[in-house]
Amino acid sequence: MSHFEIDEPGKRVLLMGNEAIARGALEAGVDFCSGYPGNPASEILEALARAAKKSDFHVEWSVNEIVALETAGAAASTGLRALTAMKNLGADVCADFLMTVNLSGTRGGFVLVTGDDPSAHSTTSELDTRNYARLADVPLLEPATTQEAKDMTKWAFDLSQELGVICMVRTVTRISHSRGVVTLGPLDRDKRSAEFSSQDLWTSGSSTIECMFHSILHEKLKRAQEKFEESKFNWYVGKENADFIIITSGTGWLYSLEAVKLLGLENEVGILKLGTTWPLPEKLVASHLKHAKEVLFVEETDPFLEQNMKILAAELASEGVGPIRFYGKKSNHVRGEFGAGTGELNVDVVIRALTEIGKAAYLSREKGYSEKAEKLLGSYVPARSMGFCAGCPHRASFWAIKKAAKWDGRDAIVTGDIGCYSLGMLPTGFSVSKTLHCMGAGIGTANGFGNLREFGLDKPVIAIAGDSTFYHACMPALVNARWNGSNILFVVLDNNTTAMTGHQPHPGTGVNALGDSSPRILIEDICEAIGAEVRICDPFDLEKSVQNLYELLQNEGVKVMIFRHECPLAFPKEKKARVYVDQDKCLGEECGCVKFCTRVFGCPGNIWDYEKGKAKIDEVMCNGCGLCAKICPAGAIIVEEVT
Amino acid sequence: MKLEKEGLLNTIITGVGGQGNVVASQIFASAAVRDGFYVSVGETYGAAQRGGAVMSHVRLSRETQYGSLTPEGRAHVIVGFEPVECLRTVGGFGNKKTRVIVNPRPVYPIDVLSGASKYPAVEEVLKAIKELVYSIHMVEATELAKKAGDPIMQNVVMVGCLAGSGFAPVKVETLKEVVKETFAKKRPEANLKAFELGVEQIRRKKPL
């Protein structure tokens with residue numbers, strides 16, 4: 001339904017922020033795109049891959065973010081236009097290369113898009129990647145609308161190419177995963193050729209050469225700053241020469257505008273909206289700090305503008321700027337539920353800041369409404385924790401791990417990793433996993449836990465990772481475990497897709513980003529080559545799964561258990577088995593199992609029939625996996641294969 | 001519903017991951033763009049595939065683009081795919097002028113299945129919603145979707161209800177067009193039937 005690739009300049013279409021970024025890249029004539037799936041950035045590459053099916057440019061899901069940035073960097077060094085997209089934590093993975101490719105520079109336009117996730121809706125950190133732009137001394141753009149997401153991405157290529165340095169575009173969940181109206185521009189179909197000869201050098205240098213490149217980078221940043229002073233992505237609205245101004249970027253712009261409108265402060269307050277946020281357009285900012293007595297900063301996550309502008313204000317003090325009273329994260333006026341610098345922004349956060357400063361009074365609803373609503377919600381609205389989908393093979397895998405660890409009886413330590421199976425920490429995964437950090441940290445930390453025998457920690461260690469995560473970040477740690485003699489059992493949950501982020505392919509799926517067939521790199525081949533003992537089992541074969549795990553736990557060294565079963569959402573069955581409860585057989589509340597199927601198993605397909613006091617299957621939810629039939633002690637759950 | 005008064009119409013579609021929230025909001029928003037509105041849609045995807053609560057904010061304006069999140073208590077219309085989620089959203093975004101359309105079929109949270117918490121009687125939930133808003137229409141959308149061929153199409157039935165209700169200034173014909181395009185390759189007749197059953201049902205139904 002998306003219109004992001006049509007060639008109709010001037011047409012207004014509804015685009016998701018991520019599609020708008022992809023569209024910007026198409027309008028810039030991007031030649032080479034790479035990335036690794038991660039919310040909220042996944043759809044950028046997905047959209048580009050759809051477009052690349054019909055047109056002649058390169059799109060790849062890379063094995064991880066640093067490889068993605070390196071492949072794109074190489075393309076850009078030959079004069080091509082290249083884009084890499086990733087989630088916020090992906091920026092950590094690629095930071096090593098970023099901190100050198102900033103120095104070596106680029107010939108073609110080279111753009112890094114990072115998707116931050118304030119409130120951590122779908123990630124494990126609220127990390128603010130704007131700090132990387134400052135750390136790496138590279139230009140940074142922050143779109144405030146879907147339209148800007150497109151326009152800025154396009155401009156980032158021009159800017160990068162002109163300055164010869166990588167440019168960053170920072171988006172957030174509420175830009176990336178929002179939809180808005182975008183006016184399309186013309187597509188660029190110019191074909192560039194890649195050039196790299198034996199005369200070329202592409203390096204950050206070292207010693208004095210590095211220092212020279214470092215100084216050149218600072219010069220490039222100064223030129224970026226000059227351009228930012230004139231940028232159409234920065235503007236000021238509201239009262240001329242206002243005493244009170246809001247300085248904002250990204251989503252903060254529309255939130256601030258609406259808050260000011262709702263409070264009726266349009267004629268009193270000025271808003272300086274910035275799209276180019278590193279380096280700061282200092283002259284433009286200074287021109288507004290000069291008339292301000294009070295400044296409120298509205299920005300997502302860290303006090304990035306706030307801190308940089310306070311430095312600027314200090315420098316301007318000798319020119320008669322100030323004293324200014326600053327409000328924002330430091331003053332605790334802009335804060336989320338858990339305090340300043342946490343949680344995402346919204347209109348209400350801005351309204352609260354303005355009312356607490358004393359600019360206006362505001363009541364969102366009639367007096368007493370919110371209290372009444374809260375009371376009704378308290379009585380009637382149960383929490384809704386996340387859980388594995390009906391028919392998810394992870395439920396079976398975690399059940400098997402729980403059971404095998406119990407049989408083993410030595411209080412195994414289970415380390416978790418990033419993916420749908422992160423939920424293994426919650427009741428849906430029987431609270432089996434005990435650790436969760438970043439991609440690959442499950443097996444990485446297991447290396448440590450598995451090598452502490454001499455310090456008195458002598459327990460079995462089980463590390464868990466998914467298939468996509470295996471390729472992304474687990475291989476070095478697996479090699480390390482074998483090399484340094486860690487005693488670990490590594491369980492790979494192979495569902496043949498990158499499920500968490502929307503079912504992208506990975507090196508084991510046999511297809512690439514475009515859906516074309518590609519060599520299949522098997523997890524077992526890699527593990528065996530490292531010298532691990534490897535077993536493979538379908539987790540729905542519960543008995544065999546538990547037996548295998550138990551046996552592996554008794555063996556010394558590096559063991560790998562691959563639980564292989566396709567994600568039913570990515571590979572829906574044409575004909576699902578019909579699963580139902582024979583309520584004559586179900587002993588109901590009298591059964592010694594104490595509602596085992598619903599109480600412990602937690603599949604949304606297993607519900608309780610309160611009228612009859614018996615178990616029941618919600619056939620709308622049920623995916624027909626039949627796993628519950630295997631755990632019902634009364635054998636009351638019937639699986640009827642449909643032929 | 002007259003949009004002109006505030007210059008803005010905030011609709012929130014709320015439910016549980018897997019119920020087709022995103023598709024529903026996309027159909028509604030695309031139709032609104034076609035009818036000439038500025039549209040912003042805010043969605044929370046994180047929990048979408050894993051049974052978590054999901055909300056789509058669709059904000060229409062004739063004049064300007066708004067941010068993608070509705071402020072507290074400022075929803076004009078709330079479309080609930082699930083009763084408890086509907087109440088949760090009303091609590092945060094409803095007011096005494098809000099109009100609600102709700103599918104009363106519960107999707108039990110894992111916490112309820114496990115016995116850690118209780119799912120209230122649906123009538124009580126509907127009563128609580130009624131206390132907080134201007135009007136509430138209850139539509140057995142899952143049952144209607146079954147009639148159209150598959151219970152999963154309850155989201156399309158609910159889009160039909162929104163279309164037929166007249167609560168939003170988007171033309172029924174435009175919505176129908178977009179439904180057709182959206183499902184051109186995926187059971188087009190059944191989805192269109194689901195949409196039409198929704199339109200018909202809401203027109204016949206009186207509020208609770």
# chains A, B, ... in the order shown; residues from 1 in each chain; ligands from 1
call {"tool": "residues_around", "arguments": {"residues": "Gly466 in chain A", "least_positions_apart": "2", "cutoff": "7 Å", "atoms": "only C-alpha atoms", "output": "mmCIF file with C-alpha atoms, in the first residue's frame"}}
result
data_model
loop_
_atom_site.group_PDB
_atom_site.id
_atom_site.type_symbol
_atom_site.label_atom_id
_atom_site.label_comp_id
_atom_site.auth_asym_id
_atom_site.auth_seq_id
_atom_site.Cartn_x
_atom_site.Cartn_y
_atom_site.Cartn_z
ATOM 1 C CA GLY A 419 15.382 -11.338 20.346
ATOM 2 C CA SER A 468 20.185 -14.160 13.692
ATOM 3 C CA THR A 469 21.947 -13.188 16.917
ATOM 4 C CA PHE A 470 24.244 -16.204 16.505
ATOM 5 C CA VAL A 492 20.574 -21.733 19.738
ATOM 6 C CA LEU A 493 16.888 -21.102 19.084
ATOM 7 C CA ASP A 494 16.775 -21.392 15.307
#
call {"tool": "residues_around", "arguments": {"residues": "Trp235 in chain A", "least_positions_apart": "5", "cutoff": "10 Å", "atoms": "only C-alpha atoms", "output": "PDB file with N, CA and C atoms, in the first residue's frame"}}
result
ATOM      1  N   GLU A 230      22.534  28.659   7.738  1.00  0.00           N
ATOM      2  CA  GLU A 230      21.574  29.040   6.696  1.00  0.00           C
ATOM      3  C   GLU A 230      20.537  27.952   6.437  1.00  0.00           C
ATOM      4  N   ILE A 271       9.460  29.863  19.703  1.00  0.00           N
ATOM      5  CA  ILE A 271      10.022  28.504  19.600  1.00  0.00           C
ATOM      6  C   ILE A 271      11.132  28.503  18.551  1.00  0.00           C
ATOM      7  N   LEU A 272      12.324  28.111  18.973  1.00  0.00           N
ATOM      8  CA  LEU A 272      13.435  27.927  18.027  1.00  0.00           C
ATOM      9  C   LEU A 272      13.546  26.439  17.750  1.00  0.00           C
ATOM     10  N   LYS A 273      13.214  26.064  16.523  1.00  0.00           N
ATOM     11  CA  LYS A 273      13.246  24.658  16.135  1.00  0.00           C
ATOM     12  C   LYS A 273      14.526  24.407  15.349  1.00  0.00           C
ATOM     13  N   LEU A 274      15.301  23.442  15.810  1.00  0.00           N
ATOM     14  CA  LEU A 274      16.563  23.128  15.138  1.00  0.00           C
ATOM     15  C   LEU A 274      16.515  21.736  14.508  1.00  0.00           C
ATOM     16  N   GLY A 275      16.945  21.663  13.263  1.00  0.00           N
ATOM     17  CA  GLY A 275      17.060  20.378  12.572  1.00  0.00           C
ATOM     18  C   GLY A 275      18.512  19.944  12.444  1.00  0.00           C
ATOM     19  N   LEU A 284      23.017  31.569  14.734  1.00  0.00           N
ATOM     20  CA  LEU A 284      21.551  31.564  14.784  1.00  0.00           C
ATOM     21  C   LEU A 284      21.067  31.440  16.233  1.00  0.00           C
TER      22      LEU A 284
END
call {"tool": "closest_residue", "arguments": {"among": "B:Asn191, B:Thr98, B:Asn21, B:Thr14", "to": "Val79 in chain B", "atoms": "only C-alpha atoms"}}
result
B:Thr14
call {"tool": "residues_around", "arguments": {"residues": "Phe540 in chain A", "least_positions_apart": "3", "cutoff": "8 Å", "atoms": "only C-alpha atoms", "output": "PDB file with N, CA and C atoms, in the first residue's frame"}}
result
ATOM      1  N   PRO A 393       7.736 -21.720  18.942  1.00  0.00           N
ATOM      2  CA  PRO A 393       8.621 -22.806  19.371  1.00  0.00           C
ATOM      3  C   PRO A 393       9.462 -22.449  20.599  1.00  0.00           C
ATOM      4  N   ALA A 396       8.294 -23.980  23.821  1.00  0.00           N
ATOM      5  CA  ALA A 396       8.733 -25.374  23.981  1.00  0.00           C
ATOM      6  C   ALA A 396      10.197 -25.424  24.406  1.00  0.00           C
ATOM      7  N   SER A 397      11.025 -24.596  23.794  1.00  0.00           N
ATOM      8  CA  SER A 397      12.458 -24.617  24.109  1.00  0.00           C
ATOM      9  C   SER A 397      12.697 -24.253  25.574  1.00  0.00           C
ATOM     10  N   SER A 545      14.016 -33.363  23.429  1.00  0.00           N
ATOM     11  CA  SER A 545      14.705 -32.100  23.702  1.00  0.00           C
ATOM     12  C   SER A 545      15.271 -32.093  25.120  1.00  0.00           C
ATOM     13  N   HIS A 565      13.005 -24.945  14.728  1.00  0.00           N
ATOM     14  CA  HIS A 565      11.591 -25.000  14.320  1.00  0.00           C
ATOM     15  C   HIS A 565      11.213 -23.610  13.805  1.00  0.00           C
ATOM     16  N   CYS A 625      -0.087 -25.980  17.325  1.00  0.00           N
ATOM     17  CA  CYS A 625       1.213 -26.637  17.528  1.00  0.00           C
ATOM     18  C   CYS A 625       1.069 -27.928  18.327  1.00  0.00           C
ATOM     19  N   LEU A 627       1.489 -28.463  21.470  1.00  0.00           N
ATOM     20  CA  LEU A 627       2.419 -28.645  22.583  1.00  0.00           C
ATOM     21  C   LEU A 627       1.689 -28.880  23.903  1.00  0.00           C
TER      22      LEU A 627
END
call {"tool": "closest_residue", "arguments": {"among": "A:Glu374, A:Trp253, A:Gly502, A:Val260", "to": "Tyr36 in chain A", "atoms": "only C-alpha atoms"}}
result
A:Gly502
call {"tool": "atom_distance", "arguments": {"atom1": "CA of Arg352 in chain A", "atom2": "CA of Gly336 in chain A"}}
result
10.6 Å
call {"tool": "atom_distance", "arguments": {"atom1": "CA of Ile44 in chain A", "atom2": "CA of Ala85 in chain A"}}
result
6.9 Å
call {"tool": "atom_distance", "arguments": {"atom1": "CA of Met55 in chain B", "atom2": "CA of Gly24 in chain A"}}
result
27.6 Å
call {"tool": "closest_residue", "arguments": {"among": "B:Asn10, B:Ser61, B:Thr44, B:Thr182", "to": "His76 in chain B", "atoms": "only C-alpha atoms"}}
result
B:Asn10
call {"tool": "residues_around", "arguments": {"residues": "Leu14 in chain A", "least_positions_apart": "6", "cutoff": "7 Å", "atoms": "only C-alpha atoms", "output": "ChimeraX atom specification"}}
result
/A:179-182 /B:30,33
call {"tool": "write_last_selection", "arguments": {"atoms": "N, CA and C atoms", "output": "mmCIF file, in the first residue's frame"}}
result
data_model
loop_
_atom_site.group_PDB
_atom_site.id
_atom_site.type_symbol
_atom_site.label_atom_id
_atom_site.label_comp_id
_atom_site.auth_asym_id
_atom_site.auth_seq_id
_atom_site.Cartn_x
_atom_site.Cartn_y
_atom_site.Cartn_z
ATOM 1 N N ARG A 179 3.279 7.697 10.895
ATOM 2 C CA ARG A 179 2.985 7.974 9.492
ATOM 3 C C ARG A 179 2.553 9.416 9.366
ATOM 4 N N GLY A 180 2.963 10.017 8.270
ATOM 5 C CA GLY A 180 2.563 11.385 8.035
ATOM 6 C C GLY A 180 2.528 11.656 6.535
ATOM 7 N N VAL A 181 2.009 12.815 6.185
ATOM 8 C CA VAL A 181 1.869 13.149 4.775
ATOM 9 C C VAL A 181 3.186 13.731 4.260
ATOM 10 N N VAL A 182 3.647 13.192 3.146
ATOM 11 C CA VAL A 182 4.916 13.625 2.560
ATOM 12 C C VAL A 182 4.686 14.033 1.108
ATOM 13 N N SER B 30 -4.957 6.313 5.328
ATOM 14 C CA SER B 30 -4.782 6.465 3.864
ATOM 15 C C SER B 30 -6.030 7.080 3.242
ATOM 16 N N VAL B 33 -6.096 10.784 3.939
ATOM 17 C CA VAL B 33 -5.189 11.537 3.060
ATOM 18 C C VAL B 33 -5.853 11.737 1.704
#
call {"tool": "closest_residue", "arguments": {"among": "B:Ala32, B:Ile110, B:Leu60, B:Val199", "to": "chain A", "atoms": "only C-alpha atoms"}}
result
B:Ile110
call {"tool": "select_by_dssp", "arguments": {"residues": "range 428-543 of chain A", "states": "alpha helix (DSSP H)", "output": "JSON, numbers by chain"}}
result
{"A": [441, 442, 443, 444, 445, 446, 447, 448, 449, 467, 468, 469, 475, 476, 477, 478, 479, 480, 481, 482, 483, 523, 524, 525, 526, 527, 528, 529, 530, 542, 543]}
call {"tool": "interface_residues", "arguments": {"of": "chain A", "to": "chain B", "cutoff": "7 Å", "atoms": "only C-alpha atoms", "output": "PyMOL selection string"}}
result
chain A and resi 1+14+121-122+174+177-181+254-255+346-348+364-365+373-374+376-377+380-389+598-600+602+604+607+620
call {"tool": "write_last_selection", "arguments": {"atoms": "C-alpha atoms", "output": "PDB file, in the first residue's frame"}}
result
ATOM      1  CA  MET A   1       0.000   0.000   0.000  1.00  0.00           C
ATOM      2  CA  LEU A  14       1.107   8.870   3.535  1.00  0.00           C
ATOM      3  CA  HIS A 121       9.480   0.452  23.607  1.00  0.00           C
ATOM      4  CA  SER A 122      11.301  -2.239  21.694  1.00  0.00           C
ATOM      5  CA  ARG A 174       7.850   8.447  17.091  1.00  0.00           C
ATOM      6  CA  HIS A 177       7.139   4.387  13.321  1.00  0.00           C
ATOM      7  CA  SER A 178       4.737   7.245  12.726  1.00  0.00           C
ATOM      8  CA  ARG A 179       2.985   7.974   9.492  1.00  0.00           C
ATOM      9  CA  GLY A 180       2.563  11.385   8.035  1.00  0.00           C
ATOM     10  CA  VAL A 181       1.869  13.149   4.775  1.00  0.00           C
ATOM     11  CA  LEU A 254       5.325  19.523  17.086  1.00  0.00           C
ATOM     12  CA  TYR A 255       4.796  18.686  20.758  1.00  0.00           C
ATOM     13  CA  ASN A 346       4.837  14.024  24.397  1.00  0.00           C
ATOM     14  CA  VAL A 347       2.599  17.086  24.455  1.00  0.00           C
ATOM     15  CA  ASP A 348       1.703  16.508  28.102  1.00  0.00           C
ATOM     16  CA  SER A 364      -6.694  18.188  30.551  1.00  0.00           C
ATOM     17  CA  ARG A 365     -10.220  17.121  31.535  1.00  0.00           C
ATOM     18  CA  ALA A 373     -10.833   6.991  35.420  1.00  0.00           C
ATOM     19  CA  GLU A 374      -7.904   5.859  37.513  1.00  0.00           C
ATOM     20  CA  LEU A 376     -12.187   2.379  37.319  1.00  0.00           C
ATOM     21  CA  LEU A 377      -8.979   1.255  35.642  1.00  0.00           C
ATOM     22  CA  TYR A 380     -11.142  -3.509  36.001  1.00  0.00           C
ATOM     23  CA  VAL A 381      -7.934  -3.398  34.001  1.00  0.00           C
ATOM     24  CA  PRO A 382      -5.473  -6.231  34.548  1.00  0.00           C
ATOM     25  CA  ALA A 383      -1.837  -5.850  33.475  1.00  0.00           C
ATOM     26  CA  ARG A 384      -0.979  -7.205  30.052  1.00  0.00           C
ATOM     27  CA  SER A 385       2.525  -8.646  30.101  1.00  0.00           C
ATOM     28  CA  MET A 386       4.189  -9.691  26.905  1.00  0.00           C
ATOM     29  CA  GLY A 387       4.266 -13.354  26.086  1.00  0.00           C
ATOM     30  CA  PHE A 388       5.290 -15.733  23.332  1.00  0.00           C
ATOM     31  CA  CYS A 389       2.726 -16.011  20.545  1.00  0.00           C
ATOM     32  CA  THR A 598      -3.360 -22.019  31.784  1.00  0.00           C
ATOM     33  CA  ARG A 599      -1.549 -21.360  35.068  1.00  0.00           C
ATOM     34  CA  VAL A 600       1.962 -22.370  34.020  1.00  0.00           C
ATOM     35  CA  GLY A 602       0.696 -19.404  29.468  1.00  0.00           C
ATOM     36  CA  PRO A 604      -2.840 -17.416  24.682  1.00  0.00           C
ATOM     37  CA  ILE A 607      -8.042 -20.500  28.286  1.00  0.00           C
ATOM     38  CA  VAL A 620      -9.192 -18.082  17.234  1.00  0.00           C
TER      39      VAL A 620
END
call {"tool": "residues_around", "arguments": {"residues": "Val157 in chain B", "least_positions_apart": "6", "cutoff": "8 Å", "atoms": "only C-alpha atoms", "output": "list in words"}}
result
Ala141, Leu144, Ala145, Ala194, Phe195, Glu196, Leu197, Gly198 and Val199 of chain B
call {"tool": "closest_residue", "arguments": {"among": "A:Leu262, A:Ala353, A:Val579, A:Leu316", "to": "Val295 in chain A", "atoms": "only C-alpha atoms"}}
result
A:Ala353
call {"tool": "closest_residue", "arguments": {"among": "A:Leu83, A:Ile246, A:Ala360, A:Leu257", "to": "Phe326 in chain A", "atoms": "only C-alpha atoms"}}
result
A:Ile246
call {"tool": "residues_around", "arguments": {"residues": "Asp200 in chain A", "least_positions_apart": "4", "cutoff": "12 Å", "atoms": "only C-alpha atoms", "output": "list of chain:residue names"}}
result
A:Ser77, A:Thr78, A:Gly79, A:Ser104, A:Thr106, A:Arg107, A:Glu195, A:Phe196
call {"tool": "write_last_selection", "arguments": {"atoms": "N, CA and C atoms", "output": "PDB file, in the first residue's frame"}}
result
ATOM      1  N   SER A  77      33.619   5.353  -0.397  1.00  0.00           N
ATOM      2  CA  SER A  77      35.003   5.762  -0.678  1.00  0.00           C
ATOM      3  C   SER A  77      35.319   5.701  -2.168  1.00  0.00           C
ATOM      4  N   THR A  78      34.504   4.952  -2.912  1.00  0.00           N
ATOM      5  CA  THR A  78      34.728   4.860  -4.365  1.00  0.00           C
ATOM      6  C   THR A  78      33.908   5.902  -5.119  1.00  0.00           C
ATOM      7  N   GLY A  79      33.198   6.754  -4.405  1.00  0.00           N
ATOM      8  CA  GLY A  79      32.415   7.806  -5.053  1.00  0.00           C
ATOM      9  C   GLY A  79      30.934   7.499  -5.151  1.00  0.00           C
ATOM     10  N   SER A 104      39.084   9.271   7.933  1.00  0.00           N
ATOM     11  CA  SER A 104      39.523   8.925   6.568  1.00  0.00           C
ATOM     12  C   SER A 104      38.652   9.600   5.520  1.00  0.00           C
ATOM     13  N   THR A 106      35.179  10.547   3.048  1.00  0.00           N
ATOM     14  CA  THR A 106      34.409   9.865   2.005  1.00  0.00           C
ATOM     15  C   THR A 106      34.450  10.661   0.711  1.00  0.00           C
ATOM     16  N   ARG A 107      34.283   9.949  -0.392  1.00  0.00           N
ATOM     17  CA  ARG A 107      34.239  10.632  -1.687  1.00  0.00           C
ATOM     18  C   ARG A 107      32.777  10.821  -2.112  1.00  0.00           C
ATOM     19  N   GLU A 195      35.085   3.952  -8.266  1.00  0.00           N
ATOM     20  CA  GLU A 195      36.503   4.023  -8.648  1.00  0.00           C
ATOM     21  C   GLU A 195      37.391   3.944  -7.415  1.00  0.00           C
ATOM     22  N   PHE A 196      38.369   3.104  -7.492  1.00  0.00           N
ATOM     23  CA  PHE A 196      39.372   3.022  -6.423  1.00  0.00           C
ATOM     24  C   PHE A 196      40.631   2.474  -7.071  1.00  0.00           C
TER      25      PHE A 196
END
call {"tool": "select_by_dssp", "arguments": {"residues": "range 73-215 of chain A", "states": "strand (DSSP E)", "output": "list in words"}}
result
Ala82, Leu83, Thr84, Ala85, Met86, Lys87, Phe110, Val111, Leu112, Val113, Thr114, Gly115, Asp116, Leu140, Leu141, Cys167, Met168, Val169, Arg170, Thr171, Val172, Ser178, Arg179, Gly180, Val181, Val182 and Thr183 of chain A
call {"tool": "residues_around", "arguments": {"residues": "Gly510 in chain A", "least_positions_apart": "2", "cutoff": "6 Å", "atoms": "only C-alpha atoms", "output": "compact mmCIF listing (two decimals) with C-alpha atoms, in the first residue's frame"}}
result
# COMPACT_ATOMS: atom_id res chain seq x y z
CA GLY A 508 21.21 -19.24 7.59
CA SER A 517 18.45 -17.20 -3.03
CA SER A 518 21.85 -17.06 -1.35
CA PRO A 519 24.31 -19.59 0.13
CA ARG A 520 23.07 -21.08 3.37
